[in-house]
Each structure stands twice: as C-alpha cells, then as structure tokens.
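K.L.:
The structure that follows is given in the form of structure tokens.
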Amino acid sequence: MLLLIARRLGLGLLVALTVMTLAFMLTRLSGDLAISIAGPAATQADVEIIRKAYGLDRPLYVQFFSWVGRAMVGDFGQSYFFKDSVANLIARRLPITLTLGLTGLSLALIISIPLGILAAVRENTWIDRGVTMFTMVGQAIPSFWLALILMIVLGLNLGILPISGTGTWQHFVMPGIVLAFTAIPALTRLTRSGMIEAMASDYIRTARAKGLSRARIIFKHALRNAAIPVVSIAAVQLGFMLGGSIVIETVFALHGVGYLGWESIAKNDFPVVQAVVLVLASIYIGLTLLSDILNALLDPRLRTG
Amino acid sequence: MSALLEVEDLVVTFGGRSAAVRGASFRVEKGETHCLVGESGCGKSVTALSIMNLLARGGQRSAKRMSFAGTDLLSLSDREMARLRGNRISMIFQEPMTSLNPAFTVGSQMAEVLTRHKGGTRAAALERSVELMGRVGITAPEMRLGQFPHQLSGGLRQRVMIAMALMCDPQLLVADEPTTALDVTVQAQILRLLATLKRELGLAILLITHDLGIVARVADRVSVMYAGEVVERAPTAELFRSPQHPYTRGLLSCVPVPGRVQRDRPLGSIPGVVPAIGPGFAGCAFRSRCSQADATCEHEIPRRQAGGTHDYLCRLAPQVSEPQPA
C-alpha cells in the first residue's frame with residue numbers, strides 16, 4: 001500500500017514537471033512577450049526596457065529554471081496586469097473554485113448513485129428507461145443554457161436564489177447544480193452498469209444463497225464492487241469541474257481560478273497563466289492519486305500492485 | 001416418515017419458452033447423499049437453484065409439491081425463504097474462484113451468515129468461522145479470517161464456501177458440481193470432506209454432478225436426469241448393478257468400470273444430441289437416440305418399478321442384470 005502511494009507520488013511529480021515545461025514553452029510560443037506587454041503604442045525603446053525589467057532578455061533556460069526554482073517554494077512572481085503577486089491572486093480565487101467544484105461533485109454523487117442503483121435493480125422497467133432518458137437529456141443540455149434557465153426560473157420568477165456573486169452559500173447552489181449536471185449522466189450510467197454487472201455475478205448469487213437481506217446484498221455486496229469505477233471517474237470529473245468551470249464561473253460571475261486563467265490569457269498575463277495551469281494540473285494529479293488510494297481501499301486486489 | 005426434501009413434478013420455464021425442467025420428482029432423506037446426475041443442459045443445476053428459489057430473472061418454477069422438513073417451500077415469501085437459506089438449507093457452487101465477494105475478507109463473509117440468522121456478536125461469529133475452517137481442513141484458520149479471496153487457491157476457496165455453508169448447522173447442503181472446477185487431487189479431498197461432514201454432522205447432501213465416478217464414490221441414492229425429467233431413481237449400488245433406463249445404460253457404458261469393461265472393447269457412446277423439447281412435446285425424450293424405441297414411445301410413458309425404491313421412466317419391462325464377467 002505504501003509502496004503504491006510512493007510510486008504514484010513519484011509519477012505525479014514527473015507529470016507536474018512535464019506540465020511546467022509545457023506551460024512555460026507554450027506561453028513563450030505565443031509571440032514576443034515584451035511586445036505584447038508593452039502594447040501597440042509602445043516604442044522600440046519601451047519594449048527594450050520592459051524586456052530587461054521582466055528578465056525576458058535572459059536565455060530561455062535561465063528563465064525556465066529561475067521560474068521552476070521559485071515555483072517550488074510557492075513564488076510565482078508578480079502579475080503584469082493585477083498589481084499583486086500571482087500567489088496571492090490564486091490563493092484568493094482558489095476557495096471559490098474549490099467550493100464550487102465540491103458542491104458540484106457532492107450534488108452529482110448524491111443524485112447519480114441512488115439513481116444508478118435504482119435503474120439497475122429495476123433493469124428494463126419503465127423506471128430504468130426513465131433514468132436512461134434523463135441521463136441522455138442531461139448529457140445533451142449545454143451548461144450555459146441550463147444556467148440561464150435556472151437563473152430565470154429560480155432567480156427571477158421564484159426569487160429563491162441569488163443570480164450572481166459569491167456572497168453567501170446560496171450563491172453556490174445554482175452554479176453547483178449546473179456543474180453537477182456535467183457529471184451526473186456519466187456517473188449515473190456508470191453506477192447503473194456496474195450494479196447490473198455486480199448483481200449478475202456469482203458472489204451475489206452466493207450472498208443470496210446465504211440468505212442475506214436484499215438491502216445488504218444491494219448496498220453492501222454489490223455496491224462495494226460497483227463503486228470502484230465510479231470513484232475513479234468521480235475524481236477525474238472533479239478535476240474537470242475545477243479546471244473546466246470557466247463557462248459557469250463567467251455566467252454566474254464567480255471569480256474563481258478558471259475565470260482568472262481565462263482573463264490572464266486574454267491579457268497576456270503569462271506568469272498568471274503559467275501558475276494557473278500548474279495549480280490546476282497539481283490538483284488533477286492529487287485527485288488521481290486520491291482516486292488510486294480510494295480504489296486500493298475498495299478493491300483489495302489492487303493493494304499489492 | 002416423510003423425507004427431508006420432497007420434490008414432485010417440478011417444472012421450470014424461462015420466459016415461457018421451452019421448459020428447462022419438465023416434471024422432475026425425487027426425495028432426499030435425512031442424512032443421505034443424493035446425487036442428481038445427467039449431462040450438461042439436462043436441468044440438474046436449474047433444479048437445484050429452483051429449490052433454493054435462486055433462479056435467474058425470468059425463471060418460473062411450479063410443482064405439485066416442494067417441501068423441506070414439512071415446510072411447503074412454494075408458499076414461502078421471499079423474506080421467509082431468505083430466512084431458510086444459509087440457515088437450514090445451504091448451497092455451494094461450481095465456481096469457487098468467483099463465488100466469494102472479492103471486496104471483503106473471508107472472515108467477514110463467513111461471520112455475516114451467523115449474525116444474520118442466529119444473531120450474536122461478530123466476535124462469536126468469527127470464532128465459529130475459525131472452528132469451521134479448522135473442521136473443513138483449512139490450515140491456519142485465524143490467519144485466513146483477514147485474507148481476501150484472491151489470496152486463496154481454488155481448493156481453499158471451495159473449502160471456505162463449505163465452511164460458510166455450515167455456519168448455521170444446516171440440515172441440507174445443496175452442492176452444484178462442487179468439484180468440477182478443481183484439480184483431480186483437490187477434487188478427491190473435497191469429496192472426502194463432504195463424506196466426513198455427512199457422517200459426523202448427519203448432513204443431507206443433494207449433490208449435482210455429471211460425473212458417474214463421483215456418484216459411485218459418495219452417493220446413497222441417485223436420480224438420473226435427462227432433458228428435464230428424472231428418468232431413473234435407485235439406490236447407488238442397485239443403479240450400477242442393474243440400470244433399467246436405456247439412457248442410464250448408455251451413460252454407464254460410456255465410463256470405464258473396473259471389472260466390467262473388457263480391454264479390447266471400446267467404451268460405449270450415446271449417438272445424437274439432447275433434442276430440443278418444445279411445448280406440446282409428449283412421450284419419451286430419449287426416443288430419438290434410443291436403439292429400442294418404437295411407436296409406443298411417442299405416447300405417455302409409465303413409471304415402472306424395478307423392485308424396492310428403484311423406478312424408471314420407460315415402456316420396457318425391467319431386466320434382470322446380466323451376469324458379470326468373472
């Protein structure tokens with residue numbers, strides 16, 4: 001088990017290093033940074049001053065290692081646009097994104113797991129077909145459209161939830177629902193197919209032959225095995241939710257990390273872009289590691305791997 | 001005295017199509033080993049599952065009578081049947097590799113049988129698990145409690161299944177081809193174990209098998225199944241000495257029996273395959289493969305007595321067993 005964690009950690013570090021290299025190279029590939037920072041009205045002399053001031057005159061490898069070295073101790077430099085350090089900017093926005101992501105994932109799990117189980121134990125009935133229909137529709141609905149509909153119905157017509165901003169927990173309900181809908185179809189279908197497979201297995205026949213109650217057979221013996229792929233996918237989905245919530249953060253005016261990343265790309269604020277990419281990638285790596293550990297806890301056969 | 005398990009005219013259908021079991025009848029007495037024997041697809045496993053009410057979805061059972069220790073199994077609700085399973089009737093299966101839940105320890109899977117049916121603490125249930133694992137010949141039982149199924153061999157897993165089946169001191173053990181998936185040496189050990197348990201615990205065993213060698217070694221009585229029917233029933237020695245149904249004779253000619261087979265003569269075989277039995281089928285299901293069949297075989301076949309508790313389903317009169325070659 002410890003060996004497994006150590007090996008996955010080492011692998012995670014390698015991935016993080018690769019991401020750092022790519023993030024660094026891609027921002028440099030987008031053109032001469034000094035020119036784009038200086039703006040269209042700048043003279044050649046201005047550009048040269050900026051180039052020197054930001055250290056862009058140094059060789060690429062020097063710039064890279066200086067950035068990596070500082071990033072290791074949490075120093076991502078200054079933002080060019082916001083007059084603040086990149087670390088501060090991200091630290092302020094990360095809680096919003098995390099709250100949104102965790103709300104979305106919790107809602108998704110609370111809805112999709114019971115729904116998947118229900119569909120599986122009622123396989124081929126109208127309940128099962130209803131659930132399948134629901135997942136198909138859920139898959140097809142674009143996030144921004146669902147967001148707007150919710151805003152109109154819950155926010156304007158019924159007036160029970162605030163439409164935008166991040167003041168209270170109520171502000172996270174609607175974005176959470178919209179974000180949850182990006183994961184619910186996949187998680188529901190995965191729970192359903194996992195449960196159907198488990199319920200048809202030999203060990204469930206044994207559990208029935210042992211005279212166990214139906215609840216224990218479904219929720220202990222079958223669900224434990226069906227949960228293994230669901231946990232893996234849920235962790236990856238959370239990664240998507242954290243990194244890919246730009247649309248939802250924009251629609252609901254939630255100023256999270258995704259929104260920050262989008263802003264910085266538009267403004268060529270490349271220290272911020274690099275740091276956002278790195279932070280999101282690290283979260284992703286951490287979640288993958290967490291999913292591996294959870295899987296090993298759920299499936300004893302993986303513990304020796 | 002009534003038998004421990006009585007099954008009369010059991011019919012099992014799947015989705016209303018052809019019947020998997022068409023009127024099977026047999027009795028299992030207290031403390032006896034009763035073998036259901038027949039080739040693949042004859043309905044023997046389905047018969048076992050329908051006794052346990054464990055048929056796969058879509059399976060429908062009906063019978064004139066199906067009783068266990070005086071209790072009518074057909075009238076029990078699902079909940080009442082679950083109370084009986086694992087408690088007074090246990091079952092073990094053909095697939096030891098996949099019959100245990102991979103996600104839980106051996107100890108927890110065994111202990112839950114006892115706590116479910118008899119209550120009591122988990123600690124007491126684990127203690128009982130250790131005792132039974134010792135009894136079925138598992139070495140280092142305390143260590144096994146914390147192990148997962150994937151850490152055990154096939155033979156060990158089947159022993160765990162047997163120990164688990166014994167947790168509540170059942171009166172009947174239904175064993176569906178328990179040794180088919182195992183090595184020959186392990187097979188012999190498991191069969192010996194079943195025989196010992198039967199003797200020491202007074203356990204009745206309904207053993208489903210296709211292997212006449214196993215029948216000869218462990219069975220007290222035999223029911224031969226063909227195409228969903230029990231075609232011949234007899235005490236084991238009697239069946240081997242004077243088989244009456246042409247199918248039983250055919251089966252016996254396919255296996256080498258010491259003292260009966262002659263070296264230069266090839267073993268027998270039964271021509272053809274099991275016919276598809278559609279709705280409205282009447283008469284003997286074996287007639288298309290039988291060398292002695294005639295027109296009367298297309299009509300209802302009487303069950304004939306061949307002395308004592310030996311009977312069979314054929315129009316032919318009982319034959320006295322041929323003298324054995326010296």
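Ligands are numbered from 1 in the order shown, residues from 1 within each chain, and chains are lettered A, B, ... in the order they appear in the structure tokens.
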Would you list which chain A residues are within 12 Å of chain B using only C-alpha atoms, as a count of residues only?
P.N.:
43
K.L.:
Hey, what's within 12 Å of B:Phe281 if we count only C-alpha atoms and toss same-chain stuff fewer than 4 positions away? As a compact mmCIF listing (two decimals) with N, CA and C atoms, in the first residue's frame, please?
P.N.:
# COMPACT_ATOMS: atom_id res chain seq x y z
N SER B 18 -39.31 -23.05 -24.04
CA SER B 18 -39.22 -24.45 -23.68
C SER B 18 -38.83 -24.61 -22.22
N ALA B 19 -39.33 -25.67 -21.61
CA ALA B 19 -39.10 -25.88 -20.19
C ALA B 19 -37.72 -26.47 -19.94
N ARG B 22 -38.98 -30.53 -16.68
CA ARG B 22 -40.34 -30.92 -17.05
C ARG B 22 -40.86 -32.02 -16.16
N ALA B 227 -33.05 -34.44 -20.18
CA ALA B 227 -33.94 -33.45 -20.82
C ALA B 227 -35.03 -32.97 -19.87
N PRO B 275 -32.39 -33.64 -27.65
CA PRO B 275 -33.28 -32.93 -28.57
C PRO B 275 -33.84 -31.67 -27.93
N ALA B 276 -34.23 -30.71 -28.78
CA ALA B 276 -34.93 -29.53 -28.28
C ALA B 276 -36.35 -29.93 -27.93
N ILE B 277 -36.75 -29.62 -26.72
CA ILE B 277 -38.08 -30.02 -26.28
C ILE B 277 -38.99 -28.79 -26.33
N ALA B 285 -38.40 -38.47 -24.13
CA ALA B 285 -37.48 -37.51 -24.72
C ALA B 285 -36.23 -38.18 -25.28
N PHE B 286 -36.00 -39.41 -24.88
CA PHE B 286 -34.79 -40.12 -25.29
C PHE B 286 -35.00 -40.94 -26.56
N CYS B 297 -43.36 -45.21 -27.88
CA CYS B 297 -42.56 -44.24 -27.13
C CYS B 297 -43.03 -42.81 -27.34
N GLU B 298 -43.92 -42.61 -28.35
CA GLU B 298 -44.42 -41.25 -28.59
C GLU B 298 -45.58 -40.91 -27.68
N HIS B 299 -46.07 -41.88 -26.95
CA HIS B 299 -47.16 -41.63 -26.02
C HIS B 299 -46.63 -41.51 -24.61
N GLU B 300 -47.54 -41.18 -23.70
CA GLU B 300 -47.14 -41.04 -22.31
C GLU B 300 -46.46 -42.31 -21.80
K.L.:
To one decimal place, how far is atom CA of A:Ala16 from atom CA of A:Gly261 in Å?
P.N.:
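Taking atom CA of A:Ala16 as the start and atom CA of A:Gly261 as the end point, the length is 17.9 Å.
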K.L.:
Mind listing the helix (DSSP H, G or I) residues of stretch 67-130 of chain B, per DSSP on the backbone, as a PyMOL selection string?
P.N.:
chain B and resi 73-75+78-84+106-118+122-130
K.L.:
If you measure from atom CA of B:Gly307 to atom CA of B:Ala234, what distance in Å do you get, rounded to one decimal?
P.N.:
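Result for atom CA of B:Gly307 versus atom CA of B:Ala234: 9.5 Å, one decimal.
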K.L.:
Find the residue from A:Phe252, A:Tyr259, A:Phe134, A:Phe240 that sits nearest to A:Phe172; use only C-alpha atoms when measuring.
P.N.:
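For A:Phe172, the nearest of the given residues is A:Phe252.
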K.L.:
Near A:Phe270, within 8 Å and counting only C-alpha atoms, which residues show up once chain neighbours fewer than 5 positions away are dropped, as a list in words?
P.N.:
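Result of the neighbour search: Thr27, Ser79, Tyr80, Ser264 and Ile265 of chain A.
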